[in-house]
Every structure is written in C-alpha cells, then in structure tokens.
Amino acid sequence: MKANAVTPQARALQIVQSIAAGKLIATLTEAGIPDVLAEGPCDAGDIARAVGFDPDALKRALRAAEALGIFARTSEGTWENTDIGDVLRSEVRGSVRDYVVYALHDGNWRAWRHLIETLRTGKPSFPKANDGVGFWQYLDLHPDVAIAFHRGMAAMAAMNADALADAMDLERFTCVADIGGGSGVLLATLLASAPKLKGILYDRAEAIDAARANFAQSGVSERVRLEVGDLFDRIPDGADAYVLKNILHDHDDASCRKLLDLLRATIPGSARLFVVEAVLPETAAPHPAIWRDLHMMVALGGRERTEAQWRPLLDRNGFAVERIVALPGPDAMIELRPRSRRR
C-alpha cells in the first residue's frame with residue numbers, strides 16, 4: 001500500500017495538530033516514561049503499570065511519540081528511548097526534562113490559548129488568561145511551577161555553560177556577578193573553570209535557596225556571595241565581570257533600558273558585561289529561538305532580537321559591543337564594554 005500523499009491540506013492539518021505534540025511529550029516526560037526506559041527496552045503494558053496509565057491509551061501516545069522521534073520500537077515490539085528520549089530522563093548530564101515539564105504548565109498553556117489577544121494588542125496574554133495574575137506572581141502562587149521553572153532554567157544554563165566559560169576568558173577577572181542567575185548552575189561552572197575567581201549570585205529568594213546546594217556540590221561555596229533582591233531595584237557591586245543570561249529577552253525595550261541604566265551606574269569602566277541571548281538572523285532562516293520569541297511575547301511581553309536590534313539597544317544605554325560569540329544551542333555571548341559615563 002502506497003503512503004498517503006502529503007497534500008497542502010494535509011500539511012496544514014499536521015501543523016495545526018502539532019500543538020498537541022508538545023503537550024504530549026511534556027506529559028509523558030512528567031510521568032517518567034523516559035526514566036522507565038532507561039533500564040532498557042520495555043513492553044507497553046509494563047510501562048503502563050509502572051506509571052499508572054491505561055495500556056491502550058499509552059500505546060496510542062507512544063505511537064505518536066515515535067513519530068516525533070522520542071521513543072522507538074524494537075524488532076520485538078518493545079519500546080526504547082531514542083537519543084531525544086535519553087535527554088528527557090531525570091538526573092542525567094544534558095537533561096532538559098525539567099524545562100520540558102515546565103514549558104507547558106497550565107499557566108503557559110492558557111496564555112497560548114489567548115494568542116489572538118497578544119496579536120491584537122501587542123501585550124502579553126498571560127495575565128488575562130490567568131485571572132489577572134502575571135507570570136512572576138503566578139510563580140509565587142504556584143511553588144511547584146516555580147521549582148520546575150528554576151530547574152528548567154538551570155538545565156538551559158547547563159547546555160552552554162562550559163562553552164560560555166571558555167568564551168569569557170575568565171582569567172582576566174577577579175569576581176563575576178551572575179545577575180538573575182537562578183540556582184547557580186552557570187556561576188558554579190564559571191567558578192570551577194577559574195579556581196582564583198570569586199562570584200556573586202543575585203536573584204529571588206527561592207532561587208538563592210536552591211543555589212546553596214549547587215554551590216556546595218560543586219565545592220565553590222566559599223567563593224560565592226549570595227544576594228537576594230530585585231534586579232530592577234539595584235545591582236550588586238564589587239565585580240569586574242557581570243553576566244545577564246536570558247534576562248533581557250523577558251522584557252520590552254523600555255524595561256531593558258531601565259535595567260541597563262542600573263547596570264551602567266554600577267559597573268566600573270574597566271569591567272565587562274556579558275549578555276547571553278539569542279541573536280536572531282536578519283533574514284528568514286531557521287533558528288531555535290524563533291518559537292521562544294513568540295513565547296516571550298505571549299508570557300512576558302519580551303522578545304528575542306537580531307544583531308541590528310541588539311546593537312542600538314545596548315549602545316544607547318552606555319555599552320559598546322566588543323564581540324559576539326555563538327554558543328551551542330539558541331544563544332550567543334555578547335561581550336560589552338562600558339562607555340564613558342554620560343554627564
């Protein structure tokens with residue numbers, strides 16, 4: 001029997017129906033199926049019993065996940081992880097499990113259902129979709145989501161932490177401050193790669209609490225100063241290298257300017273600021289942050305930016321771009337030198 005032809009109509013339907021793909025993979029990941037398969041190929045019935053699912057419903061879900069390349073069937077008809085399924089496991093190097101579980105939590109899911117409001121107004125749909133509660137307040141009200149969020153951000157930080165440490169040329173510096181650095185995964189990597197370097201981690205209280213364990217595990221606790229605060233209120237001083245990783249994309253240009261002004265008022269002229277963000281292509285081309293750009297728009301009113309958008313935003317707020325270095329994954333490192341203070 002010949003395969004069905006993929007007509008334009010069929011392709012359109014596939015694209016629309018693919019919204020279910022993300023939710024499916026998040027659900028199977030949260031249920032722990034990649035962990036069940038970590039021990040080797042397994043029958044669908046045994047998987048269903050292990051995670052408490054209906055066997056027939058699970059078989060249908062596994063068939064769809066197979067089409068996405070998450071799981072694969074062996075010649076005996078059992079199921080196993082693919083390379084993608086492997087990185088959805090818990091507690092393995094390179095895992096993105098926590099981000100996958102976080103990304104489509106109920107608050108985000110509802111916000112995407114109201115995408116049309118964002119497209120009409122240019123404003124994030126998250127508050128309207130969640131009874132007037134904004135994204136950060138939602139995390140305060142849902143500690144389980146907040147934990148998944150911080151773990152997810154840590155997984156994203158780990159993806160390119162080693163490459164970032166190499167690109168920053170850390171031997172130049174005595175102290176690096178990670179502003180909004182979450183649970184400290186990135187800062188721990190930077191400190192481990194430069195034994196004489198000291199660090200400052202600055203973030204919300206729940207992130208700082210999680211960071212203590214990470215720093216202790218990495219053996220760098222004695223070299224880290226932990227500070228709790230709001231990055232729009234103040235920036236800690238005392239460092240000669242500052243890192244903003246995936247912070248500015250949360251915000252529109254006006255909010256970015258406010259934060260950059262605070263940074264410029266704090267950072268000495270001899271220091272450096274490292275902005276780690278996606279740098280989108282100027283022309284239509286595939287890029288892993290294209291979809292993240294839409295999520296920033298829906299959830300927070302932020303955006304991903306092209307180099308042509310980054311340079312004037314940074315330059316008008318007291319910084320000069322010295323170099324841009326591509327990193328593994330969707331992000332790049334933008335190294336910035338403070339300009340002379342404006343009079």
# chains A, B, ... in the order shown; residues from 1 in each chain; ligands from 1
>>> closest_atom_pairs(of="stretch 54-146 of chain A", to="stretch 32-43 of chain A", cutoff="10 Å", atoms="only C-alpha atoms", output="tab-separated table")
residue	atom	partner	partner_atom	distance
A:Lys59	CA	A:Asp43	CA	9.8
A:Leu62	CA	A:Ile33	CA	9.9
A:Ile70	CA	A:Pro34	CA	8.9
A:Phe71	CA	A:Pro34	CA	8.4
A:Ala72	CA	A:Pro41	CA	9.3
A:Arg73	CA	A:Pro41	CA	8.4
A:Thr74	CA	A:Pro41	CA	7.6
A:Glu76	CA	A:Asp43	CA	9.3
A:Gly77	CA	A:Asp43	CA	7.4
A:Thr78	CA	A:Asp43	CA	4.6
A:Trp79	CA	A:Pro41	CA	5.1
A:Glu80	CA	A:Pro41	CA	4.6
A:Asn81	CA	A:Leu37	CA	6.1
A:Thr82	CA	A:Pro34	CA	9.3
A:Ile84	CA	A:Pro34	CA	9.4
A:Gly85	CA	A:Pro34	CA	5.7
A:Asp86	CA	A:Pro34	CA	6.6
A:Val87	CA	A:Pro34	CA	8.4
A:Leu88	CA	A:Pro34	CA	6.1
A:Arg89	CA	A:Asp35	CA	5.1
A:Ser90	CA	A:Asp35	CA	6.6
A:Glu91	CA	A:Asp35	CA	9.5
A:Arg97	CA	A:Pro34	CA	9.3
>>> write_last_selection(atoms="N, CA and C atoms", output="PDB file, in the first residue's frame")
ATOM      1  N   LYS A  59      -0.400   3.098  24.508  1.00  0.00           N
ATOM      2  CA  LYS A  59       0.090   2.614  23.215  1.00  0.00           C
ATOM      3  C   LYS A  59      -0.124   3.655  22.127  1.00  0.00           C
ATOM      4  N   LEU A  62       2.366   6.457  22.693  1.00  0.00           N
ATOM      5  CA  LEU A  62       3.715   6.064  22.298  1.00  0.00           C
ATOM      6  C   LEU A  62       3.872   6.066  20.781  1.00  0.00           C
ATOM      7  N   ILE A  70      10.836  10.487  19.682  1.00  0.00           N
ATOM      8  CA  ILE A  70      11.140  10.474  21.113  1.00  0.00           C
ATOM      9  C   ILE A  70      11.441   9.053  21.593  1.00  0.00           C
ATOM     10  N   PHE A  71      10.613   8.105  21.172  1.00  0.00           N
ATOM     11  CA  PHE A  71      10.789   6.689  21.502  1.00  0.00           C
ATOM     12  C   PHE A  71      10.817   5.892  20.200  1.00  0.00           C
ATOM     13  N   ALA A  72      11.297   4.646  20.292  1.00  0.00           N
ATOM     14  CA  ALA A  72      11.366   3.780  19.116  1.00  0.00           C
ATOM     15  C   ALA A  72      10.973   2.368  19.516  1.00  0.00           C
ATOM     16  N   ARG A  73      10.415   1.633  18.540  1.00  0.00           N
ATOM     17  CA  ARG A  73      10.065   0.237  18.762  1.00  0.00           C
ATOM     18  C   ARG A  73      11.213  -0.666  18.294  1.00  0.00           C
ATOM     19  N   THR A  74      11.489  -1.678  19.078  1.00  0.00           N
ATOM     20  CA  THR A  74      12.493  -2.667  18.696  1.00  0.00           C
ATOM     21  C   THR A  74      11.859  -3.704  17.776  1.00  0.00           C
ATOM     22  N   GLU A  76      11.358  -6.638  18.455  1.00  0.00           N
ATOM     23  CA  GLU A  76      10.482  -7.484  19.272  1.00  0.00           C
ATOM     24  C   GLU A  76       9.185  -6.787  19.662  1.00  0.00           C
ATOM     25  N   GLY A  77       9.041  -5.495  19.267  1.00  0.00           N
ATOM     26  CA  GLY A  77       7.828  -4.763  19.580  1.00  0.00           C
ATOM     27  C   GLY A  77       7.845  -4.058  20.918  1.00  0.00           C
ATOM     28  N   THR A  78       8.988  -4.084  21.615  1.00  0.00           N
ATOM     29  CA  THR A  78       9.107  -3.332  22.855  1.00  0.00           C
ATOM     30  C   THR A  78       9.539  -1.893  22.551  1.00  0.00           C
ATOM     31  N   TRP A  79       9.545  -1.073  23.585  1.00  0.00           N
ATOM     32  CA  TRP A  79       9.843   0.353  23.397  1.00  0.00           C
ATOM     33  C   TRP A  79      11.162   0.717  24.051  1.00  0.00           C
ATOM     34  N   GLU A  80      11.858   1.680  23.431  1.00  0.00           N
ATOM     35  CA  GLU A  80      13.117   2.154  23.984  1.00  0.00           C
ATOM     36  C   GLU A  80      13.271   3.655  23.712  1.00  0.00           C
ATOM     37  N   ASN A  81      14.128   4.298  24.490  1.00  0.00           N
ATOM     38  CA  ASN A  81      14.433   5.706  24.260  1.00  0.00           C
ATOM     39  C   ASN A  81      15.251   5.890  22.988  1.00  0.00           C
ATOM     40  N   THR A  82      15.001   6.971  22.279  1.00  0.00           N
ATOM     41  CA  THR A  82      15.928   7.434  21.250  1.00  0.00           C
ATOM     42  C   THR A  82      16.917   8.373  21.936  1.00  0.00           C
ATOM     43  N   ILE A  84      16.747  11.482  21.793  1.00  0.00           N
ATOM     44  CA  ILE A  84      15.926  12.544  22.368  1.00  0.00           C
ATOM     45  C   ILE A  84      15.292  12.062  23.674  1.00  0.00           C
ATOM     46  N   GLY A  85      14.762  10.861  23.677  1.00  0.00           N
ATOM     47  CA  GLY A  85      14.202  10.314  24.895  1.00  0.00           C
ATOM     48  C   GLY A  85      15.225  10.271  26.025  1.00  0.00           C
ATOM     49  N   ASP A  86      16.481  10.011  25.684  1.00  0.00           N
ATOM     50  CA  ASP A  86      17.529   9.937  26.706  1.00  0.00           C
ATOM     51  C   ASP A  86      17.715  11.271  27.429  1.00  0.00           C
ATOM     52  N   VAL A  87      17.586  12.389  26.712  1.00  0.00           N
ATOM     53  CA  VAL A  87      17.797  13.688  27.377  1.00  0.00           C
ATOM     54  C   VAL A  87      16.534  14.172  28.084  1.00  0.00           C
ATOM     55  N   LEU A  88      15.470  13.363  28.057  1.00  0.00           N
ATOM     56  CA  LEU A  88      14.270  13.655  28.835  1.00  0.00           C
ATOM     57  C   LEU A  88      14.256  12.886  30.150  1.00  0.00           C
ATOM     58  N   ARG A  89      15.324  12.170  30.447  1.00  0.00           N
ATOM     59  CA  ARG A  89      15.437  11.440  31.705  1.00  0.00           C
ATOM     60  C   ARG A  89      15.826  12.387  32.835  1.00  0.00           C
ATOM     61  N   SER A  90      15.587  11.961  34.064  1.00  0.00           N
ATOM     62  CA  SER A  90      15.954  12.739  35.247  1.00  0.00           C
ATOM     63  C   SER A  90      17.427  12.522  35.593  1.00  0.00           C
ATOM     64  N   GLU A  91      18.017  13.557  36.138  1.00  0.00           N
ATOM     65  CA  GLU A  91      19.336  13.439  36.766  1.00  0.00           C
ATOM     66  C   GLU A  91      20.401  12.841  35.859  1.00  0.00           C
ATOM     67  N   ARG A  97      14.754  17.615  30.879  1.00  0.00           N
ATOM     68  CA  ARG A  97      13.480  17.167  31.419  1.00  0.00           C
ATOM     69  C   ARG A  97      12.718  18.296  32.114  1.00  0.00           C
TER      70      ARG A  97
END
>>> residues_around(residues="A:Tyr202", least_positions_apart="4", cutoff="10 Å", atoms="only C-alpha atoms", output="list in words")
Ala177, Asp178, Ile179, Gly180, Gly181, Gly182, Ser183, Gly184, Ala207, Ile208, Arg225, Leu226, Glu227, Val228, Gly229, Asp230, Leu231, Ile235 and Pro236 of chain A
>>> write_last_selection(atoms="N, CA and C atoms", output="PDB file, in the first residue's frame")
ATOM      1  N   ALA A 177      29.709  38.453  38.622  1.00  0.00           N
ATOM      2  CA  ALA A 177      28.365  38.527  39.202  1.00  0.00           C
ATOM      3  C   ALA A 177      27.366  38.017  38.180  1.00  0.00           C
ATOM      4  N   ASP A 178      26.600  36.989  38.577  1.00  0.00           N
ATOM      5  CA  ASP A 178      25.547  36.457  37.717  1.00  0.00           C
ATOM      6  C   ASP A 178      24.242  37.083  38.181  1.00  0.00           C
ATOM      7  N   ILE A 179      23.709  37.985  37.378  1.00  0.00           N
ATOM      8  CA  ILE A 179      22.525  38.760  37.742  1.00  0.00           C
ATOM      9  C   ILE A 179      21.285  38.014  37.247  1.00  0.00           C
ATOM     10  N   GLY A 180      20.416  37.647  38.185  1.00  0.00           N
ATOM     11  CA  GLY A 180      19.293  36.794  37.823  1.00  0.00           C
ATOM     12  C   GLY A 180      19.764  35.399  37.502  1.00  0.00           C
ATOM     13  N   GLY A 181      20.767  34.922  38.249  1.00  0.00           N
ATOM     14  CA  GLY A 181      21.448  33.666  37.916  1.00  0.00           C
ATOM     15  C   GLY A 181      20.778  32.406  38.394  1.00  0.00           C
ATOM     16  N   GLY A 182      19.537  32.514  38.898  1.00  0.00           N
ATOM     17  CA  GLY A 182      18.768  31.324  39.245  1.00  0.00           C
ATOM     18  C   GLY A 182      19.444  30.476  40.306  1.00  0.00           C
ATOM     19  N   SER A 183      19.488  29.181  40.078  1.00  0.00           N
ATOM     20  CA  SER A 183      20.002  28.252  41.079  1.00  0.00           C
ATOM     21  C   SER A 183      21.514  28.072  41.010  1.00  0.00           C
ATOM     22  N   GLY A 184      22.196  28.932  40.256  1.00  0.00           N
ATOM     23  CA  GLY A 184      23.649  28.988  40.312  1.00  0.00           C
ATOM     24  C   GLY A 184      24.406  27.990  39.460  1.00  0.00           C
ATOM     25  N   ALA A 207      15.284  31.124  44.363  1.00  0.00           N
ATOM     26  CA  ALA A 207      16.413  30.696  43.527  1.00  0.00           C
ATOM     27  C   ALA A 207      17.680  30.591  44.362  1.00  0.00           C
ATOM     28  N   ILE A 208      17.894  31.550  45.240  1.00  0.00           N
ATOM     29  CA  ILE A 208      19.084  31.542  46.088  1.00  0.00           C
ATOM     30  C   ILE A 208      19.103  30.311  46.984  1.00  0.00           C
ATOM     31  N   ARG A 225      29.292  34.922  47.000  1.00  0.00           N
ATOM     32  CA  ARG A 225      28.454  35.801  47.825  1.00  0.00           C
ATOM     33  C   ARG A 225      27.037  35.734  47.292  1.00  0.00           C
ATOM     34  N   LEU A 226      26.085  35.363  48.154  1.00  0.00           N
ATOM     35  CA  LEU A 226      24.694  35.233  47.753  1.00  0.00           C
ATOM     36  C   LEU A 226      23.927  36.489  48.151  1.00  0.00           C
ATOM     37  N   GLU A 227      23.189  37.057  47.207  1.00  0.00           N
ATOM     38  CA  GLU A 227      22.393  38.247  47.498  1.00  0.00           C
ATOM     39  C   GLU A 227      20.985  38.075  46.932  1.00  0.00           C
ATOM     40  N   VAL A 228      20.006  38.413  47.768  1.00  0.00           N
ATOM     41  CA  VAL A 228      18.601  38.343  47.370  1.00  0.00           C
ATOM     42  C   VAL A 228      18.128  39.738  47.005  1.00  0.00           C
ATOM     43  N   GLY A 229      17.405  39.853  45.909  1.00  0.00           N
ATOM     44  CA  GLY A 229      16.882  41.153  45.528  1.00  0.00           C
ATOM     45  C   GLY A 229      16.199  41.137  44.178  1.00  0.00           C
ATOM     46  N   ASP A 230      15.723  42.310  43.797  1.00  0.00           N
ATOM     47  CA  ASP A 230      15.058  42.529  42.515  1.00  0.00           C
ATOM     48  C   ASP A 230      16.016  43.286  41.621  1.00  0.00           C
ATOM     49  N   LEU A 231      16.332  42.714  40.463  1.00  0.00           N
ATOM     50  CA  LEU A 231      17.326  43.337  39.606  1.00  0.00           C
ATOM     51  C   LEU A 231      16.885  44.684  39.056  1.00  0.00           C
ATOM     52  N   ILE A 235      21.664  46.723  41.549  1.00  0.00           N
ATOM     53  CA  ILE A 235      22.609  45.741  41.051  1.00  0.00           C
ATOM     54  C   ILE A 235      23.753  45.665  42.049  1.00  0.00           C
ATOM     55  N   PRO A 236      24.132  44.471  42.520  1.00  0.00           N
ATOM     56  CA  PRO A 236      25.230  44.385  43.487  1.00  0.00           C
ATOM     57  C   PRO A 236      26.550  44.858  42.877  1.00  0.00           C
TER      58      PRO A 236
END
>>> select_by_dssp(residues="stretch 53-205 of chain A", states="strand (DSSP E)", output="number ranges by chain")
A: 71-73, 79-81, 175-179, 198-203
>>> closest_residue(among="A:Asp203, A:Lys123, A:Ala154, A:Phe274", to="A:Asp252", atoms="only C-alpha atoms")
A:Lys123
>>> closest_residue(among="A:Ala213, A:Val321, A:Leu115, A:Ile19", to="A:His295", atoms="only C-alpha atoms")
A:Leu115
>>> select_by_dssp(residues="stretch 151-239 of chain A", states="helix (DSSP H, G or I)", output="PyMOL selection string")
chain A and resi 151-168+170-172+185-193+205-218+221-223
>>> write_last_selection(atoms="C-alpha atoms", output="PDB file, in the first residue's frame")
ATOM      1  CA  ARG A 151      15.175  23.652  37.403  1.00  0.00           C
ATOM      2  CA  GLY A 152      14.305  24.197  33.754  1.00  0.00           C
ATOM      3  CA  MET A 153      16.362  27.387  33.610  1.00  0.00           C
ATOM      4  CA  ALA A 154      19.244  25.519  35.237  1.00  0.00           C
ATOM      5  CA  ALA A 155      19.017  22.864  32.511  1.00  0.00           C
ATOM      6  CA  MET A 156      19.168  25.565  29.861  1.00  0.00           C
ATOM      7  CA  ALA A 157      22.150  27.195  31.582  1.00  0.00           C
ATOM      8  CA  ALA A 158      23.991  23.883  31.693  1.00  0.00           C
ATOM      9  CA  MET A 159      23.633  23.430  27.924  1.00  0.00           C
ATOM     10  CA  ASN A 160      26.260  26.038  27.111  1.00  0.00           C
ATOM     11  CA  ALA A 161      27.929  26.781  30.463  1.00  0.00           C
ATOM     12  CA  ASP A 162      31.275  25.204  29.544  1.00  0.00           C
ATOM     13  CA  ALA A 163      31.367  26.963  26.183  1.00  0.00           C
ATOM     14  CA  LEU A 164      30.496  30.274  27.828  1.00  0.00           C
ATOM     15  CA  ALA A 165      33.263  29.839  30.400  1.00  0.00           C
ATOM     16  CA  ASP A 166      35.761  29.325  27.572  1.00  0.00           C
ATOM     17  CA  ALA A 167      34.447  32.281  25.568  1.00  0.00           C
ATOM     18  CA  MET A 168      34.530  34.725  28.506  1.00  0.00           C
ATOM     19  CA  LEU A 170      37.790  34.346  32.773  1.00  0.00           C
ATOM     20  CA  GLU A 171      41.442  34.668  33.785  1.00  0.00           C
ATOM     21  CA  ARG A 172      41.063  38.425  33.144  1.00  0.00           C
ATOM     22  CA  VAL A 185      24.399  26.276  37.759  1.00  0.00           C
ATOM     23  CA  LEU A 186      26.120  28.690  35.392  1.00  0.00           C
ATOM     24  CA  LEU A 187      28.067  30.516  38.094  1.00  0.00           C
ATOM     25  CA  ALA A 188      29.238  27.216  39.596  1.00  0.00           C
ATOM     26  CA  THR A 189      30.614  26.210  36.188  1.00  0.00           C
ATOM     27  CA  LEU A 190      32.384  29.550  35.743  1.00  0.00           C
ATOM     28  CA  LEU A 191      33.998  29.298  39.181  1.00  0.00           C
ATOM     29  CA  ALA A 192      35.025  25.675  38.634  1.00  0.00           C
ATOM     30  CA  SER A 193      36.804  26.665  35.433  1.00  0.00           C
ATOM     31  CA  ALA A 205      14.862  34.190  47.388  1.00  0.00           C
ATOM     32  CA  GLU A 206      13.641  30.809  46.132  1.00  0.00           C
ATOM     33  CA  ALA A 207      16.413  30.696  43.527  1.00  0.00           C
ATOM     34  CA  ILE A 208      19.084  31.542  46.088  1.00  0.00           C
ATOM     35  CA  ASP A 209      17.890  28.747  48.363  1.00  0.00           C
ATOM     36  CA  ALA A 210      18.306  26.200  45.574  1.00  0.00           C
ATOM     37  CA  ALA A 211      21.734  27.620  44.689  1.00  0.00           C
ATOM     38  CA  ARG A 212      23.267  26.814  48.071  1.00  0.00           C
ATOM     39  CA  ALA A 213      23.069  23.087  47.361  1.00  0.00           C
ATOM     40  CA  ASN A 214      24.524  23.506  43.859  1.00  0.00           C
ATOM     41  CA  PHE A 215      27.480  25.513  45.129  1.00  0.00           C
ATOM     42  CA  ALA A 216      28.131  23.039  47.948  1.00  0.00           C
ATOM     43  CA  GLN A 217      28.060  20.121  45.490  1.00  0.00           C
ATOM     44  CA  SER A 218      30.472  21.946  43.191  1.00  0.00           C
ATOM     45  CA  SER A 221      30.558  27.829  48.258  1.00  0.00           C
ATOM     46  CA  GLU A 222      33.383  29.705  49.956  1.00  0.00           C
ATOM     47  CA  ARG A 223      33.987  31.763  46.832  1.00  0.00           C
TER      48      ARG A 223
END
>>> residues_around(residues="A:Ala299", least_positions_apart="2", cutoff="8 Å", atoms="only C-alpha atoms", output="list in words")
Asn108, Ala111, Pro124, Ser125, Phe126, Phe135, His295, Met296, Met297, Gly301 and Gly302 of chain A
>>> residues_around(residues="A:Thr266", least_positions_apart="6", cutoff="12 Å", atoms="only C-alpha atoms", output="list in words")
Ala177, Leu231, Asp233, Arg234, Ile235, Pro236, Asp237, Gly238, Ala239, Asp240, Ala241, Tyr242, Leu259, Leu260, Arg272, Leu273, Gly318, Pro338 and Arg341 of chain A
